[in-house]
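Chemist: My structure is below; once you've seen it, I'll send some questions.
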Amino acid sequence: RQRQMCIRDSNMVKKVLAKCYIYLILLLMYLPILVLVVFSFTASTNVGDWTGFSFKLYVDLFKNQDLMRAVWNTLLIAFVSAIVSTILGTLGAIGTYYSSKKTRKVIETMNQIPVVNAEIVIALSLAVLSVALSWKFSFFTLLVGHVVLTIAFVYLNVKPKLTQMDPFAYEAALDLGAKPRYALYKVVLPDIMPGILSGFMISFTLSLDDFVITQYLKEPSFDTISTYIQGIIAKHPIPPEVRALTTVIFLVVLVVVVGTTVYNNYKAKNFVKKRLKKGELE
């Protein structure tokens, strides 16, 4: 009995230490963000100087036309590249799934290269290719760079949903008289839609956060948030209204993540309840 108590106490100590370690990591990760959030509600120029509660930085944020233009450019390239990457990545995943084993292995191996490759290599290679083809750096070259960066992640999100799908559903639809395109829209796409949406969100986030590819492939007059701030830092201190922008981005991402989690939990609970009513689960 004493041995069992010692083992139980040891397990409790391990659990407490594990939780403390997790909380410490979370604190180190989110403390800088929380500091920016707190000091976005004061008009001081420097972080750490509290001059009273104020929304002045948020007012200045929307008055800063250069920063607002950078925000718009960032959202534009992220949204367009995410759509293109999602379409191409989804079609590529479906085509690869229904290909032969040899072809599938080759494509999946090639798909791993953009994931593990250094971003600077992608940026330099695309910049050299653009110069060799006499392409002017423009929105198109920037779009190509972001698509190359994100399309592999869309593929990796769609592929597991394809393997989880009933492999005979598509063939059954064809046997019942459905055309291939109709069967694709009505059978395959609804089953893999969660993977498509997650691939879109990841590609959107990666494009939103990118700096290296944007810096090498954009036209000089086109600035995103990252390139705009980098250009400001080279000459002047960071504008204080950037703290307000950081807070807005953080809150939007937080709302999206929490909303998605709540929706998925609600959907999972309803799925379990339906199966319980049908007697499929005990």
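The way I read the labels, and the way they are meant: chains A, B, ... in the order of the structure tokens, residue 1 as the first residue of every chain, and ligand 1 as the first ligand shown, with later ones counted on from there.
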Please report, as a Markdown table, each residue of range 155-238 of chain A lying at most 9 Å from range 96-104 of chain A, together with the nearest pair of atoms and the separation in Å rounded to one decimal; use only C-alpha atoms, and order rows by chain and ascending residue number.

Modeler:
```
| residue | atom | partner | partner_atom | distance |
| --- | --- | --- | --- | --- |
| A:Lys159 | CA | A:Tyr97 | CA | 7.6 |
| A:Leu162 | CA | A:Tyr97 | CA | 7.3 |
| A:Thr163 | CA | A:Tyr97 | CA | 8.1 |
```

Chemist: From range 48-110 of chain A, collect each residue whose DSSP state is helix (DSSP H, G or I) and return the set as a short mmCIF file (atom, residue, chain, number, x, y, z; two decimals) with N, CA and C atoms, in the first residue's frame.

Modeler:
```cif
data_model
loop_
_atom_site.label_atom_id
_atom_site.label_comp_id
_atom_site.auth_asym_id
_atom_site.auth_seq_id
_atom_site.Cartn_x
_atom_site.Cartn_y
_atom_site.Cartn_z
N LYS A 56 -6.17 56.31 -29.34
CA LYS A 56 -5.52 57.17 -30.32
C LYS A 56 -4.77 56.37 -31.38
N LEU A 57 -4.09 55.30 -30.97
CA LEU A 57 -3.32 54.52 -31.94
C LEU A 57 -4.23 53.87 -32.97
N TYR A 58 -5.42 53.48 -32.56
CA TYR A 58 -6.36 52.87 -33.52
C TYR A 58 -6.89 53.92 -34.49
N VAL A 59 -7.09 55.14 -34.00
CA VAL A 59 -7.49 56.23 -34.89
C VAL A 59 -6.36 56.55 -35.88
N ASP A 60 -5.13 56.62 -35.35
CA ASP A 60 -3.97 56.89 -36.21
C ASP A 60 -3.74 55.77 -37.22
N LEU A 61 -4.08 54.54 -36.82
CA LEU A 61 -3.90 53.39 -37.71
C LEU A 61 -4.69 53.58 -38.99
N PHE A 62 -5.95 53.96 -38.87
CA PHE A 62 -6.79 54.11 -40.06
C PHE A 62 -6.53 55.42 -40.80
N LYS A 63 -5.80 56.33 -40.16
CA LYS A 63 -5.41 57.55 -40.85
C LYS A 63 -4.11 57.40 -41.62
N GLN A 65 -2.35 56.23 -44.37
CA GLN A 65 -2.72 55.72 -45.68
C GLN A 65 -1.71 54.70 -46.21
N ASP A 66 -0.43 54.92 -45.96
CA ASP A 66 0.59 53.97 -46.43
C ASP A 66 0.42 52.61 -45.75
N LEU A 67 0.17 52.63 -44.46
CA LEU A 67 0.00 51.37 -43.74
C LEU A 67 -1.29 50.68 -44.16
N MET A 68 -2.36 51.44 -44.36
CA MET A 68 -3.61 50.85 -44.81
C MET A 68 -3.48 50.25 -46.20
N ARG A 69 -2.69 50.91 -47.06
CA ARG A 69 -2.44 50.36 -48.39
C ARG A 69 -1.66 49.06 -48.29
N ALA A 70 -0.70 49.00 -47.37
CA ALA A 70 0.07 47.77 -47.16
C ALA A 70 -0.83 46.65 -46.64
N VAL A 71 -1.75 46.99 -45.75
CA VAL A 71 -2.70 45.99 -45.24
C VAL A 71 -3.56 45.45 -46.37
N TRP A 72 -4.07 46.35 -47.20
CA TRP A 72 -4.91 45.93 -48.32
C TRP A 72 -4.12 45.05 -49.29
N ASN A 73 -2.90 45.43 -49.60
CA ASN A 73 -2.07 44.61 -50.49
C ASN A 73 -1.80 43.23 -49.90
N THR A 74 -1.57 43.19 -48.61
CA THR A 74 -1.31 41.91 -47.94
C THR A 74 -2.52 41.00 -48.03
N LEU A 75 -3.69 41.54 -47.72
CA LEU A 75 -4.93 40.74 -47.79
C LEU A 75 -5.23 40.32 -49.22
N LEU A 76 -4.96 41.20 -50.17
CA LEU A 76 -5.25 40.90 -51.58
C LEU A 76 -4.40 39.74 -52.08
N ILE A 77 -3.09 39.82 -51.89
CA ILE A 77 -2.22 38.75 -52.39
C ILE A 77 -2.45 37.46 -51.61
N ALA A 78 -2.76 37.55 -50.32
CA ALA A 78 -3.02 36.35 -49.53
C ALA A 78 -4.29 35.66 -49.99
N PHE A 79 -5.34 36.45 -50.23
CA PHE A 79 -6.62 35.87 -50.64
C PHE A 79 -6.55 35.27 -52.03
N VAL A 80 -5.97 35.99 -52.98
CA VAL A 80 -5.89 35.49 -54.35
C VAL A 80 -5.00 34.25 -54.43
N SER A 81 -3.84 34.31 -53.79
CA SER A 81 -2.93 33.16 -53.84
C SER A 81 -3.52 31.96 -53.12
N ALA A 82 -4.28 32.19 -52.04
CA ALA A 82 -4.91 31.08 -51.33
C ALA A 82 -5.97 30.40 -52.20
N ILE A 83 -6.74 31.20 -52.95
CA ILE A 83 -7.74 30.62 -53.84
C ILE A 83 -7.08 29.80 -54.94
N VAL A 84 -6.06 30.37 -55.58
CA VAL A 84 -5.37 29.65 -56.66
C VAL A 84 -4.71 28.39 -56.12
N SER A 85 -4.04 28.48 -54.98
CA SER A 85 -3.37 27.31 -54.39
C SER A 85 -4.38 26.25 -53.99
N THR A 86 -5.52 26.66 -53.46
CA THR A 86 -6.54 25.70 -53.05
C THR A 86 -7.10 24.95 -54.24
N ILE A 87 -7.37 25.66 -55.32
CA ILE A 87 -7.90 25.00 -56.52
C ILE A 87 -6.88 24.03 -57.11
N LEU A 88 -5.66 24.52 -57.32
CA LEU A 88 -4.63 23.66 -57.93
C LEU A 88 -4.23 22.52 -57.00
N GLY A 89 -4.08 22.82 -55.71
CA GLY A 89 -3.70 21.77 -54.76
C GLY A 89 -4.76 20.70 -54.61
N THR A 90 -6.03 21.10 -54.61
CA THR A 90 -7.12 20.13 -54.51
C THR A 90 -7.20 19.25 -55.75
N LEU A 91 -7.14 19.88 -56.92
CA LEU A 91 -7.16 19.10 -58.16
C LEU A 91 -5.95 18.17 -58.25
N GLY A 92 -4.79 18.68 -57.80
CA GLY A 92 -3.60 17.84 -57.81
C GLY A 92 -3.71 16.65 -56.88
N ALA A 93 -4.29 16.87 -55.69
CA ALA A 93 -4.47 15.78 -54.73
C ALA A 93 -5.45 14.74 -55.26
N ILE A 94 -6.55 15.20 -55.87
CA ILE A 94 -7.53 14.26 -56.42
C ILE A 94 -6.92 13.47 -57.57
N GLY A 95 -6.22 14.17 -58.47
CA GLY A 95 -5.59 13.48 -59.59
C GLY A 95 -4.54 12.48 -59.14
N THR A 96 -3.76 12.85 -58.14
CA THR A 96 -2.74 11.95 -57.62
C THR A 96 -3.36 10.73 -56.94
N TYR A 97 -4.46 10.96 -56.23
CA TYR A 97 -5.13 9.88 -55.50
C TYR A 97 -5.63 8.79 -56.45
N LYS A 101 0.22 3.78 -58.58
CA LYS A 101 1.08 3.86 -57.40
C LYS A 101 2.43 4.50 -57.73
N LYS A 102 2.97 4.18 -58.89
CA LYS A 102 4.26 4.74 -59.28
C LYS A 102 4.17 6.25 -59.49
N THR A 103 3.13 6.67 -60.21
CA THR A 103 2.94 8.11 -60.44
C THR A 103 2.67 8.83 -59.14
N ARG A 104 1.86 8.21 -58.28
CA ARG A 104 1.53 8.83 -56.99
C ARG A 104 2.78 9.01 -56.14
N LYS A 105 3.66 8.03 -56.14
CA LYS A 105 4.87 8.12 -55.33
C LYS A 105 5.78 9.25 -55.83
N VAL A 106 5.91 9.37 -57.16
CA VAL A 106 6.75 10.43 -57.72
C VAL A 106 6.20 11.81 -57.38
N ILE A 107 4.89 12.00 -57.53
CA ILE A 107 4.28 13.30 -57.26
C ILE A 107 4.37 13.65 -55.78
N GLU A 108 4.13 12.68 -54.91
CA GLU A 108 4.20 12.94 -53.47
C GLU A 108 5.62 13.28 -53.04
N THR A 109 6.60 12.65 -53.66
CA THR A 109 7.99 12.99 -53.35
C THR A 109 8.32 14.41 -53.79
N MET A 110 7.88 14.78 -54.99
CA MET A 110 8.11 16.15 -55.48
C MET A 110 7.37 17.17 -54.63
#
```

Chemist: Record the distance separating CA of Ala183 in chain A and CA of Phe168 in chain A, expressed in Å with one decimal.

Modeler: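 Computing it gives 11.7 Å between the two atoms.
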
Chemist: Would you mind listing, for every residue of range 13-77 of chain A within 12 Å of range 251-258 of chain A, the two atoms forming the shortest contact and the distance between them in Å to one decimal, using only C-alpha atoms, sorted by chain and ascending residue number, as a tab-separated table?

Modeler:
```
residue	atom	partner	partner_atom	distance
A:Ile33	CA	A:Leu251	CA	10.7
A:Leu34	CA	A:Leu251	CA	11.0
A:Val37	CA	A:Leu251	CA	9.4
```

Chemist: Considering only C-alpha atoms, can you say which of A:Trp135, A:Phe41, A:Tyr263, A:Tyr170 comes closest to Asp191 in chain A?

Modeler: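 Selected residue with least distance to Asp191 in chain A: A:Tyr170.
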
Chemist: List every residue of range 101-150 of chain A that has an atom at most 10 Å from any atom of range 220-237 of chain A, and for each one report the closest atom pair and its distance in Å to one decimal, counting only C-alpha atoms, with rows sorted by chain and then by increasing residue number, as CSV.

Modeler:
```
residue,atom,partner,partner_atom,distance
A:Phe137,CA,A:Pro220,CA,8.3
A:Ser138,CA,A:Phe222,CA,8.3
A:Phe139,CA,A:Phe222,CA,8.1
A:Leu142,CA,A:Phe222,CA,9.9
```

Chemist: For Phe140 in chain A, work out the shell of residues within 10 Å, counting only C-alpha atoms and skipping chain neighbours fewer than 5 positions away, then give it as a PyMOL selection string.

Modeler: chain A and resi 77+135+145-146+217-219

Chemist: Export, as a PDB file, in the first residue's frame, the selected residues with C-alpha atoms.

Modeler:
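Below you can see out.pdb, which holds the result:
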```pdb
ATOM      1  CA  ILE A  77      -2.221  38.750 -52.385  1.00  0.00           C
ATOM      2  CA  TRP A 135       9.344  39.140 -66.794  1.00  0.00           C
ATOM      3  CA  GLY A 145       5.819  32.869 -55.742  1.00  0.00           C
ATOM      4  CA  HIS A 146       3.080  32.663 -53.112  1.00  0.00           C
ATOM      5  CA  LEU A 217       9.288  39.124 -56.403  1.00  0.00           C
ATOM      6  CA  LYS A 218       7.189  42.236 -55.786  1.00  0.00           C
ATOM      7  CA  GLU A 219       7.281  45.417 -57.809  1.00  0.00           C
TER       8      GLU A 219
END
```

Chemist: Out of A:Thr141, A:Thr247, A:Gln164, A:Thr150, which residue has the shortest atom-to-atom distance to Thr205 in chain A when counting only C-alpha atoms?

Modeler: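 Checking each candidate against Thr205 in chain A, we get A:Thr150 as the closest.
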
Chemist: For a test of reading the model, state the distance in Å between CA of Leu36 in chain A and CA of Ala244 in chain A, rounded to one decimal.

Modeler: 8.0 Å

Chemist: Find the distance between CA of Ser198 in chain A and CA of Ala152 in chain A and write it in Å to one decimal.

Modeler: 12.8 Å

Chemist: Name the closest residue to Phe250 in chain A among the candidates A:Tyr30, A:Pro114, A:Phe53, A:Leu184; distances are taken between atoms, counting only C-alpha atoms.

Modeler: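 The shortest atom-to-atom distance to Phe250 in chain A comes from A:Tyr30.
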